[in-house]
Every structure is written in structure tokens, then in C-alpha cells.
$ cat entry-v3.pdb   # PDB, C-alpha atoms and all ligand atoms
ATOM      1  CA  MET A 123      62.345  78.757 194.546
ATOM      2  CA  LEU A 124      65.220  81.123 195.186
ATOM      3  CA  SER A 125      65.082  84.313 197.166
ATOM      4  CA  SER A 126      62.611  86.564 195.480
ATOM      5  CA  LYS A 127      64.370  89.886 196.019
ATOM      6  CA  CYS A 128      67.080  90.908 193.529
ATOM      7  CA  ALA A 129      70.287  91.872 195.339
ATOM      8  CA  ILE A 130      71.113  94.436 192.683
ATOM      9  CA  CYS A 131      67.967  96.282 191.682
ATOM     10  CA  GLY A 132      65.779  95.204 194.596
ATOM     11  CA  ILE A 133      62.735  94.113 192.623
ATOM     12  CA  THR A 134      60.795  91.115 193.809
ATOM     13  CA  THR A 135      60.823  88.276 191.354
ATOM     14  CA  LYS A 136      59.842  84.632 191.128
ATOM     15  CA  ASP A 137      62.591  84.094 188.608
ATOM     16  CA  ALA A 138      65.714  84.907 190.665
ATOM     17  CA  VAL A 139      69.077  83.475 189.625
ATOM     18  CA  ALA A 140      71.712  82.214 192.056
ATOM     19  CA  ALA A 141      74.571  84.699 191.981
ATOM     20  CA  PRO A 142      77.576  82.340 191.983
ATOM     21  CA  ALA A 143      77.089  82.387 188.215
ATOM     22  CA  VAL A 144      77.895  86.096 188.321
ATOM     23  CA  SER A 145      81.438  86.960 189.275
ATOM     24  CA  GLY A 146      81.997  89.434 192.066
ATOM     25  CA  LEU A 147      78.824  88.668 193.993
ATOM     26  CA  GLY A 148      78.474  86.699 197.216
ATOM     27  CA  LEU A 149      77.684  83.001 197.166
ATOM     28  CA  LYS A 150      74.251  83.348 198.699
ATOM     29  CA  THR A 151      73.157  86.305 196.630
ATOM     30  CA  ASN A 152      70.267  85.989 194.218
ATOM     31  CA  ILE A 153      69.501  88.421 191.439
ATOM     32  CA  CYS A 154      66.737  88.907 188.915
ATOM     33  CA  ARG A 155      66.893  87.629 185.369
ATOM     34  CA  THR A 156      67.278  91.142 183.912
ATOM     35  CA  CYS A 157      70.296  91.953 186.105
ATOM     36  CA  PHE A 158      71.774  88.526 185.378
ATOM     37  CA  ASP A 159      71.468  89.067 181.617
ATOM     38  CA  ARG A 160      73.016  92.506 181.919
ATOM     39  CA  PHE A 161      75.901  91.116 183.968
ATOM     40  CA  GLN A 162      76.479  88.355 181.455
ATOM     41  CA  ALA A 163      76.408  90.809 178.568
ATOM     42  CA  GLU A 164      78.917  93.064 180.337
ATOM     43  CA  ALA A 165      81.176  90.133 181.156
ATOM     44  CA  ALA A 166      80.997  88.932 177.553
ATOM     45  CA  LYS A 167      81.831  92.435 176.336
ATOM     46  CA  ARG A 168      84.832  92.627 178.675
ATOM     47  CA  GLU A 169      86.021  89.243 177.496
ATOM     48  CA  ALA A 170      85.635  90.240 173.844
ATOM     49  CA  GLU A 171      87.569  93.454 174.489
ATOM     50  CA  GLU A 172      90.401  91.561 176.150
ATOM     51  CA  TYR A 173      90.428  89.085 173.284
ATOM     52  CA  ILE A 174      90.546  91.640 170.483
ATOM     53  CA  ASN A 175      93.003  93.974 172.215
ATOM     54  CA  ALA A 176      95.454  91.327 173.432
ATOM     55  CA  GLU A 177      98.958  91.723 172.057
ATOM     56  CA  ILE A 178     100.184  88.612 170.270
ATOM     57  CA  VAL A 179     103.962  88.284 170.002
ATOM     58  CA  THR A 180     105.710  86.138 167.412
ATOM     59  CA  THR A 181     109.204  86.003 165.929
ATOM     60  CA  GLY A 182     109.779  87.361 162.433
ATOM     61  CA  GLY A 183     111.940  85.935 159.651
ATOM     62  CA  LYS A 184     114.992  87.922 160.811
ATOM     63  CA  GLY A 185     114.492  86.990 164.447
ATOM     64  CA  GLU A 186     112.803  90.286 165.208
ATOM     65  CA  CYS A 187     109.932  90.607 167.643
ATOM     66  CA  VAL A 188     106.617  90.880 165.812
ATOM     67  CA  ARG A 189     103.751  92.183 167.927
ATOM     68  CA  GLY A 190     100.220  93.210 167.252
ATOM     69  CA  THR A 191      96.580  92.467 167.874
ATOM     70  CA  ARG A 192      94.911  89.362 166.463
ATOM     71  CA  LEU A 193      93.462  91.470 163.651
ATOM     72  CA  TRP A 194      96.884  92.914 162.840
ATOM     73  CA  HIS A 195      98.404  89.420 162.612
ATOM     74  CA  ALA A 196      95.468  88.197 160.520
ATOM     75  CA  ALA A 197      96.047  91.122 158.148
ATOM     76  CA  LYS A 198      99.786  90.426 158.040
ATOM     77  CA  ASN A 199      99.052  86.771 157.242
ATOM     78  CA  ARG A 200      96.564  87.853 154.572
ATOM     79  CA  GLU A 201      93.513  86.154 156.087
ATOM     80  CA  PRO A 202      90.436  88.185 155.045
ATOM     81  CA  GLY A 203      87.927  85.872 156.778
ATOM     82  CA  GLU A 204      89.709  86.189 160.106
ATOM     83  CA  VAL A 205      90.037  89.973 159.689
ATOM     84  CA  ARG A 206      86.280  90.210 159.126
ATOM     85  CA  ARG A 207      85.468  87.980 162.112
ATOM     86  CA  LEU A 208      87.631  90.070 164.457
ATOM     87  CA  ALA A 209      86.313  93.361 163.041
ATOM     88  CA  GLU A 210      82.773  92.160 163.729
ATOM     89  CA  LEU A 211      83.815  91.549 167.342
ATOM     90  CA  GLY A 212      84.879  95.193 167.446
ATOM     91  CA  ALA A 213      88.626  94.981 166.751
ATOM     92  CA  ASP A 214      90.335  98.251 165.762
ATOM     93  CA  LEU A 215      91.053  98.211 162.013
ATOM     94  CA  ASN A 216      93.890 100.703 162.397
ATOM     95  CA  ALA A 217      95.638  99.450 165.550
ATOM     96  CA  ARG A 218      99.347  99.447 164.723
ATOM     97  CA  GLY A 219     101.531  96.444 165.236
ATOM     98  CA  SER A 220     105.302  96.372 165.112
ATOM     99  CA  PHE A 221     108.189  94.354 163.775
ATOM    100  CA  GLY A 222     111.644  95.454 164.774
ATOM    101  CA  ALA A 223     111.647  99.207 165.179
ATOM    102  CA  ALA A 224     108.843 100.043 162.782
ATOM    103  CA  THR A 225     105.157 100.108 163.456
ATOM    104  CA  ALA A 226     102.573  99.627 160.765
ATOM    105  CA  THR A 227      98.817  99.609 160.352
ATOM    106  CA  PRO A 228      97.079  96.308 159.506
ATOM    107  CA  LEU A 229      96.795  97.525 155.902
ATOM    108  CA  MET A 230     100.561  98.049 155.648
ATOM    109  CA  ALA A 231     101.261  94.734 157.370
ATOM    110  CA  ALA A 232      99.050  93.043 154.766
ATOM    111  CA  ILE A 233     100.895  94.725 151.904
ATOM    112  CA  GLY A 234     104.481  94.311 153.098
ATOM    113  CA  ASP A 235     105.901  90.956 152.156
ATOM    114  CA  ALA A 236     109.051  91.062 154.250
ATOM    115  CA  PHE A 237     107.590  88.506 156.619
ATOM    116  CA  SER A 238     108.460  84.855 156.610
ATOM    117  CA  GLY A 239     106.056  82.476 154.934
ATOM    118  CA  LYS A 240     104.033  85.145 153.208
ATOM    119  CA  CYS A 241     102.555  84.188 149.881
ATOM    120  CA  GLY A 242      99.626  84.946 147.618
ATOM    121  CA  SER A 243      98.115  88.275 146.724
ATOM    122  CA  ALA A 244      97.454  91.054 149.220
ATOM    123  CA  VAL A 245      94.368  92.153 147.264
ATOM    124  CA  PRO A 246      91.662  90.078 149.053
ATOM    125  CA  VAL A 247      92.708  91.053 152.579
ATOM    126  CA  CYS A 248      93.253  94.712 151.609
ATOM    127  CA  THR A 249      89.813  94.769 149.968
ATOM    128  CA  THR A 250      88.297  93.438 153.203
ATOM    129  CA  LEU A 251      90.178  95.916 155.406
ATOM    130  CA  LEU A 252      89.197  98.874 153.232
ATOM    131  CA  SER A 253      85.560  97.808 152.864
ATOM    132  CA  LEU A 254      85.333  97.589 156.664
ATOM    133  CA  GLY A 255      86.705 101.115 157.025
ATOM    134  CA  ALA A 256      90.487 100.862 157.518
ATOM    135  CA  ASP A 257      92.204 104.262 157.106
ATOM    136  CA  VAL A 258      93.914 104.175 153.730
ATOM    137  CA  ASN A 259      96.044 107.252 154.525
ATOM    138  CA  ALA A 260      97.273 106.344 158.024
ATOM    139  CA  ARG A 261     101.037 106.701 158.474
ATOM    140  CA  ALA A 262     103.596 104.308 159.904
ATOM    141  CA  THR A 263     105.742 105.194 162.899
ATOM    142  CA  TRP A 264     109.354 104.395 163.592
ATOM    143  CA  HIS A 265     111.257 103.478 166.727
ATOM    144  CA  GLY A 266     108.172 103.889 168.845
ATOM    145  CA  GLY A 267     108.481 107.660 168.555
ATOM    146  CA  ASP A 268     106.020 110.302 167.571
ATOM    147  CA  LEU A 269     104.284 110.032 164.277
ATOM    148  CA  PRO A 270     106.480 111.933 161.815
ATOM    149  CA  PRO A 271     104.416 113.828 159.255
ATOM    150  CA  TYR A 272     106.397 112.248 156.453
ATOM    151  CA  ALA A 273     106.235 108.574 157.463
ATOM    152  CA  GLU A 274     105.089 105.902 155.048
ATOM    153  CA  THR A 275     101.495 105.163 154.127
ATOM    154  CA  ALA A 276     100.001 101.963 152.707
ATOM    155  CA  LEU A 277     100.440 103.317 149.164
ATOM    156  CA  TYR A 278     104.104 104.051 149.813
ATOM    157  CA  TRP A 279     104.526 100.516 151.146
ATOM    158  CA  ALA A 280     102.747  99.052 148.139
ATOM    159  CA  ILE A 281     105.376 100.579 145.871
ATOM    160  CA  PHE A 282     108.572 100.642 147.919
ATOM    161  CA  GLU A 283     108.287  98.308 150.902
ATOM    162  CA  VAL A 284     107.803  95.048 149.071
ATOM    163  CA  GLN A 285     110.578  92.530 148.518
ATOM    164  CA  VAL A 286     109.062  90.274 145.899
ATOM    165  CA  GLN A 287     107.615  92.964 143.660
ATOM    166  CA  PRO A 288     104.969  95.683 143.827
ATOM    167  CA  GLU A 289     101.448  94.406 143.216
ATOM    168  CA  THR A 290      99.898  96.869 140.810
ATOM    169  CA  ASP A 291      96.405  95.637 141.699
ATOM    170  CA  VAL A 292      97.055  96.729 145.282
ATOM    171  CA  VAL A 293      98.162 100.162 144.060
ATOM    172  CA  ARG A 294      94.962 100.401 141.983
ATOM    173  CA  LEU A 295      92.861  99.329 144.961
ATOM    174  CA  LEU A 296      94.422 101.924 147.273
ATOM    175  CA  LEU A 297      93.967 104.693 144.699
ATOM    176  CA  LYS A 298      90.341 103.661 144.187
ATOM    177  CA  ASN A 299      89.815 103.838 147.939
ATOM    178  CA  GLY A 300      91.071 107.372 148.345
ATOM    179  CA  ALA A 301      94.839 107.083 148.848
ATOM    180  CA  ASP A 302      95.995 110.705 148.948
ATOM    181  CA  LEU A 303      98.615 111.426 146.295
ATOM    182  CA  MET A 304      99.429 114.807 147.795
ATOM    183  CA  LEU A 305     100.846 113.359 151.036
ATOM    184  CA  LYS A 306     104.576 114.021 151.304
ATOM    185  CA  TYR A 307     107.425 111.714 152.262
ATOM    186  CA  LYS A 308     111.076 112.012 153.087
ATOM    187  CA  TRP A 309     112.573 110.546 149.968
ATOM    188  CA  TYR A 310     115.898 108.906 150.725
ATOM    189  CA  GLU A 311     117.751 110.392 147.768
ATOM    190  CA  ARG A 312     116.817 113.926 148.788
ATOM    191  CA  LYS A 313     116.472 113.922 152.512
ATOM    192  CA  GLU A 314     116.260 117.666 152.788
ATOM    193  CA  GLU A 315     112.959 117.921 150.956
ATOM    194  CA  LEU A 316     109.583 116.302 151.260
ATOM    195  CA  LEU A 317     108.052 114.859 148.110
ATOM    196  CA  CYS A 318     104.677 113.398 147.236
ATOM    197  CA  LEU A 319     104.538 110.070 145.397
ATOM    198  CA  PRO A 320     103.875 111.448 141.883
ATOM    199  CA  GLU A 321     106.922 113.737 142.353
ATOM    200  CA  ILE A 322     109.040 110.760 143.370
ATOM    201  CA  ALA A 323     107.693 108.831 140.375
ATOM    202  CA  ARG A 324     108.503 111.675 137.976
ATOM    203  CA  ARG A 325     112.076 111.881 139.273
ATOM    204  CA  GLN A 326     112.577 108.123 139.148
ATOM    205  CA  ILE A 327     110.816 107.092 136.000
ATOM    206  CA  ASP A 328     113.661 107.622 133.476
ATOM    207  CA  ASN A 329     116.079 105.699 135.620
ATOM    208  CA  LEU A 330     113.504 102.984 136.133
ATOM    209  CA  GLN A 331     112.809 102.706 132.414
ATOM    210  CA  PHE A 332     116.527 102.296 131.869
ATOM    211  CA  ARG A 333     116.668  99.553 134.494
ATOM    212  CA  CYS A 334     113.691  97.806 132.919
ATOM    213  CA  ARG A 335     115.508  97.667 129.586
ATOM    214  CA  ALA A 336     118.752  96.524 131.211
ATOM    215  CA  TRP A 337     117.138  93.811 133.346
ATOM    216  CA  GLU A 338     114.163  92.815 131.257
ATOM    217  CA  ARG A 339     113.557  89.626 133.111
ATOM    218  CA  TYR A 340     113.598  91.233 136.522
ATOM    219  CA  GLY A 341     109.881  91.751 137.234
ATOM    220  CA  TYR A 342     110.505  93.993 140.234
ATOM    221  CA  TYR A 343     111.445  97.064 138.179
ATOM    222  CA  GLN A 344     108.728  96.372 135.640
ATOM    223  CA  ALA A 345     106.102  96.236 138.368
ATOM    224  CA  ARG A 346     107.378  99.420 140.004
ATOM    225  CA  LEU A 347     107.297 101.166 136.633
ATOM    226  CA  GLU A 348     103.669 100.060 136.202
ATOM    227  CA  ALA A 349     102.895 101.445 139.662
ATOM    228  CA  PHE A 350     104.577 104.772 138.805
ATOM    229  CA  LYS A 351     102.483 105.020 135.642
ATOM    230  CA  LEU A 352      99.335 104.423 137.697
ATOM    231  CA  LEU A 353     100.331 107.276 140.029
ATOM    232  CA  LEU A 354     101.060 109.656 137.188
ATOM    233  CA  GLU A 355      97.886 108.816 135.271
ATOM    234  CA  HIS A 356      95.606 108.970 138.309
TER     235      HIS A 356
HETATM  236 ZN    ZN A 401      67.655  92.983 189.395
END
$ encode --input "entry-v3.pdb" --output "C-alpha cells"
Amino acid sequence: MLSSKCAICGITTKDAVAAPAVSGLGLKTNICRTCFDRFQAEAAKREAEEYINAEIVTTGGKGECVRGTRLWHAAKNREPGEVRRLAELGADLNARGSFGAATATPLMAAIGDAFSGKCGSAVPVCTTLLSLGADVNARATWHGGDLPPYAETALYWAIFEVQVQPETDVVRLLLKNGADLMLKYKWYERKEELLCLPEIARRQIDNLQFRCRAWERYGYYQARLEAFKLLLEH
């Protein structure tokens, strides 16, 4: 039988635990079962926090440094099961990661396809992120600076920051989940003014329709046109 007095709370117990199992306590210390359980729970919590907050660094397709939490990388790699597992451990659904100079939320990282080896639809992982409570209207940041009020959102990325072609089902999903169409952006053709996405769509749609006729087989323009129509009909 171990020492019957708990070194932490002082109660007398017949069920004392040798403290070497608990980090930070002396070798000959004994503590009660309740204190031991609490210590273990706290240690497990600290370990989980370290695990979910750790920054994972990889190299992107253009040699750029890609950094983010495990959840961010799982989102970027379009792995809904892994996103859910990490979220259940307490991972932040909106913690931004970065590639090159830009930072993006997990939702944006899932949508953007400018990452090497990315394939398949972004819908399943975006559905998971949104159902778990990811902020659909969070903005990106650039060059590690302050958050400009006109920086991109997930919806902006879904339409403009994709290299293969916009996924209209992702646009639908974001709209269904409360993507704010009134948010304004610095539109590159008119840098002096801020425009919301339906305004950008209205200005672009004639030109886009022309491009669709000229390059019928180029799905990119067709998909963007579909996305514009979704914005304007919403
Ligand atoms: Zn105790």
C-alpha cells in the first residue's frame, strides 16, 4: 500500500497512486486517484492542444512554403474525415494557413485548386467544414499584413481563384450556407472602387458570354458564367 496522504489535495486515501506517472512531481510523491485523473486529463488536453495547433510546413507546387495546422492541410487536401476528426479534438475551423504571401481559411484552401496533386470535388470537404461551423464569410489576408476589408472570401475564391474551373456546386453550397453577396472586393479592372460579387458579375457577363461562344470547348468560361448566373439569380 502506498502512502495514504495525497500530496496535492491532502486527503487520506487507500488508493494512492505513485507520482512518477505524473510529470512535474517528485519521485516519492503519492497522490489520490482523483488528483491523478485530473492531472492525466489536463496533460491529455495539453497534448491535444499542441497537436491541433502545431504548424505543419510543406512545399507547394511552385516551391512555395505552405504552412498551416493539421486541419488546414486536411481541408486543402480535401479530406472531410480528417477535418471532422481534428474538429472533434477541438481544432480551429477558421485558423488561416498560408502559401507564398497569401493566407487563407481552411474553406478557401479546400476550394482553391492551385496546389499540386489536388483532384476531385471540393464539395464534400466544404460541406463538412460548413456543417461544423466554419465561417463562410471570413476574408483572406495578404503578405501577413492586416486584414484588408476588401480581401477575398471563400465565394470569391470559388469563382476566381480556381485554375481548373469553378465548381458551381461549391458556389451553390456557399450561397446556401449564408455567403454574403453584399461584401465588397477590390476588383482588379477597377482598382479605385470596391464592388460586390453580383456587381462584378453584371459588369463581366457580356464579355464572358462572348468568350463562351468564342471558346465553346473551354469549360472554364462556361463554368464561370454558370457561377455568375447563380449570383445574379440568388
Ligand atoms: Zn488528491
$ resolve_selection --input "entry-v3.pdb" --expression "the PyMOL selection byres (((chain A and resi 200) around 7) and not hetatm)" --output "PDB file with C-alpha atoms, keeping the file's coordinate frame"
ATOM      1  CA  ALA A 196      95.468  88.197 160.520  1.00  0.00           C
ATOM      2  CA  ALA A 197      96.047  91.122 158.148  1.00  0.00           C
ATOM      3  CA  LYS A 198      99.786  90.426 158.040  1.00  0.00           C
ATOM      4  CA  ASN A 199      99.052  86.771 157.242  1.00  0.00           C
ATOM      5  CA  GLU A 201      93.513  86.154 156.087  1.00  0.00           C
ATOM      6  CA  PRO A 202      90.436  88.185 155.045  1.00  0.00           C
ATOM      7  CA  ALA A 232      99.050  93.043 154.766  1.00  0.00           C
ATOM      8  CA  ALA A 244      97.454  91.054 149.220  1.00  0.00           C
ATOM      9  CA  VAL A 247      92.708  91.053 152.579  1.00  0.00           C
TER      10      VAL A 247
END
$ closest_atom_pairs --input "entry-v3.pdb" --of "chain A" --to "ligand ZN 401 (chain A)" --cutoff "12 Å" --atoms "all atoms listed in the file" --output "JSON lines"
{"residue": "A:Ser125", "atom": "CA", "partner": "A:ZN401", "partner_atom": "ZN", "distance": 11.9}
{"residue": "A:Ser126", "atom": "CA", "partner": "A:ZN401", "partner_atom": "ZN", "distance": 10.2}
{"residue": "A:Lys127", "atom": "CA", "partner": "A:ZN401", "partner_atom": "ZN", "distance": 8.0}
{"residue": "A:Cys128", "atom": "CA", "partner": "A:ZN401", "partner_atom": "ZN", "distance": 4.7}
{"residue": "A:Ala129", "atom": "CA", "partner": "A:ZN401", "partner_atom": "ZN", "distance": 6.6}
{"residue": "A:Ile130", "atom": "CA", "partner": "A:ZN401", "partner_atom": "ZN", "distance": 5.0}
{"residue": "A:Cys131", "atom": "CA", "partner": "A:ZN401", "partner_atom": "ZN", "distance": 4.0}
{"residue": "A:Gly132", "atom": "CA", "partner": "A:ZN401", "partner_atom": "ZN", "distance": 6.0}
{"residue": "A:Ile133", "atom": "CA", "partner": "A:ZN401", "partner_atom": "ZN", "distance": 6.0}
{"residue": "A:Thr134", "atom": "CA", "partner": "A:ZN401", "partner_atom": "ZN", "distance": 8.4}
{"residue": "A:Thr135", "atom": "CA", "partner": "A:ZN401", "partner_atom": "ZN", "distance": 8.5}
{"residue": "A:Lys136", "atom": "CA", "partner": "A:ZN401", "partner_atom": "ZN", "distance": 11.6}
{"residue": "A:Asp137", "atom": "CA", "partner": "A:ZN401", "partner_atom": "ZN", "distance": 10.3}
{"residue": "A:Ala138", "atom": "CA", "partner": "A:ZN401", "partner_atom": "ZN", "distance": 8.4}
{"residue": "A:Val139", "atom": "CA", "partner": "A:ZN401", "partner_atom": "ZN", "distance": 9.6}
{"residue": "A:Ala140", "atom": "CA", "partner": "A:ZN401", "partner_atom": "ZN", "distance": 11.8}
{"residue": "A:Ala141", "atom": "CA", "partner": "A:ZN401", "partner_atom": "ZN", "distance": 11.1}
{"residue": "A:Thr151", "atom": "CA", "partner": "A:ZN401", "partner_atom": "ZN", "distance": 11.3}
{"residue": "A:Asn152", "atom": "CA", "partner": "A:ZN401", "partner_atom": "ZN", "distance": 8.9}
{"residue": "A:Ile153", "atom": "CA", "partner": "A:ZN401", "partner_atom": "ZN", "distance": 5.3}
{"residue": "A:Cys154", "atom": "CA", "partner": "A:ZN401", "partner_atom": "ZN", "distance": 4.2}
{"residue": "A:Arg155", "atom": "CA", "partner": "A:ZN401", "partner_atom": "ZN", "distance": 6.7}
{"residue": "A:Thr156", "atom": "CA", "partner": "A:ZN401", "partner_atom": "ZN", "distance": 5.8}
{"residue": "A:Cys157", "atom": "CA", "partner": "A:ZN401", "partner_atom": "ZN", "distance": 4.3}
{"residue": "A:Phe158", "atom": "CA", "partner": "A:ZN401", "partner_atom": "ZN", "distance": 7.3}
{"residue": "A:Asp159", "atom": "CA", "partner": "A:ZN401", "partner_atom": "ZN", "distance": 9.5}
{"residue": "A:Arg160", "atom": "CA", "partner": "A:ZN401", "partner_atom": "ZN", "distance": 9.2}
{"residue": "A:Phe161", "atom": "CA", "partner": "A:ZN401", "partner_atom": "ZN", "distance": 10.0}
$ resolve_selection --input "entry-v3.pdb" --expression "the PyMOL selection byres (((chain A and resi 321-336) around 12) and not hetatm)" --output "NGL selection string"
:A and (278 or 281-282 or 303-312 or 315-320 or 337-355)
$ closest_residue --input "entry-v3.pdb" --among "A:Lys298, A:Ala170, A:Ala226, A:Cys248" --to "Thr275 of chain A" --atoms "only C-alpha atoms"
A:Ala226
$ residues_around --input "entry-v3.pdb" --residues "His195 of chain A" --least-positions-apart "2" --cutoff "10 Å" --atoms "all atoms listed in the file" --output "short mmCIF file (atom, residue, chain, number, x, y, z; two decimals) with C-alpha atoms, in the coordinates of the input"
data_model
loop_
_atom_site.label_atom_id
_atom_site.label_comp_id
_atom_site.auth_asym_id
_atom_site.auth_seq_id
_atom_site.Cartn_x
_atom_site.Cartn_y
_atom_site.Cartn_z
CA GLU A 177 98.96 91.72 172.06
CA ILE A 178 100.18 88.61 170.27
CA VAL A 179 103.96 88.28 170.00
CA THR A 180 105.71 86.14 167.41
CA VAL A 188 106.62 90.88 165.81
CA ARG A 189 103.75 92.18 167.93
CA GLY A 190 100.22 93.21 167.25
CA THR A 191 96.58 92.47 167.87
CA ARG A 192 94.91 89.36 166.46
CA LEU A 193 93.46 91.47 163.65
CA ALA A 197 96.05 91.12 158.15
CA LYS A 198 99.79 90.43 158.04
CA ASN A 199 99.05 86.77 157.24
CA ARG A 200 96.56 87.85 154.57
CA GLU A 201 93.51 86.15 156.09
CA GLU A 204 89.71 86.19 160.11
CA VAL A 205 90.04 89.97 159.69
CA GLY A 219 101.53 96.44 165.24
CA PRO A 228 97.08 96.31 159.51
CA ALA A 231 101.26 94.73 157.37
CA ALA A 232 99.05 93.04 154.77
#
$ atom_distance --input "entry-v3.pdb" --atom1 "atom CA of Ala209 of chain A" --atom2 "atom CA of Gly185 of chain A"
28.9 Å
$ atom_distance --input "entry-v3.pdb" --atom1 "atom CA of Ile233 of chain A" --atom2 "atom CA of Ala260 of chain A"
13.6 Å
$ axis_aligned_box --input "entry-v3.pdb" --around "segment 322-340 of chain A" --padding-each-side "4 Å" --output "JSON"
{"center_x": 113.2, "center_y": 100.8, "center_z": 136.5, "size_x": 19.1, "size_y": 30.3, "size_z": 21.8}
$ resolve_selection --input "entry-v3.pdb" --expression "the PyMOL selection byres (((chain A and resi 296) around 12) and not hetatm)" --output "PyMOL selection string"
chain A and resi 229-230+233+244-245+248-249+251-253+256-260+275-281+289-295+297-303+349+352-353+356
$ atom_distance --input "entry-v3.pdb" --atom1 "atom CA of Tyr272 of chain A" --atom2 "atom CA of Gly255 of chain A"
22.6 Å
$ closest_residue --input "entry-v3.pdb" --among "A:Pro246, A:Pro288, A:Gly203, A:Gly212" --to "Lys167 of chain A" --atoms "all atoms listed in the file"
A:Gly212
$ closest_residue --input "entry-v3.pdb" --among "A:Ile174, A:Ala262, A:Val284, A:Ala213" --to "Thr227 of chain A" --atoms "only C-alpha atoms"
A:Ala262
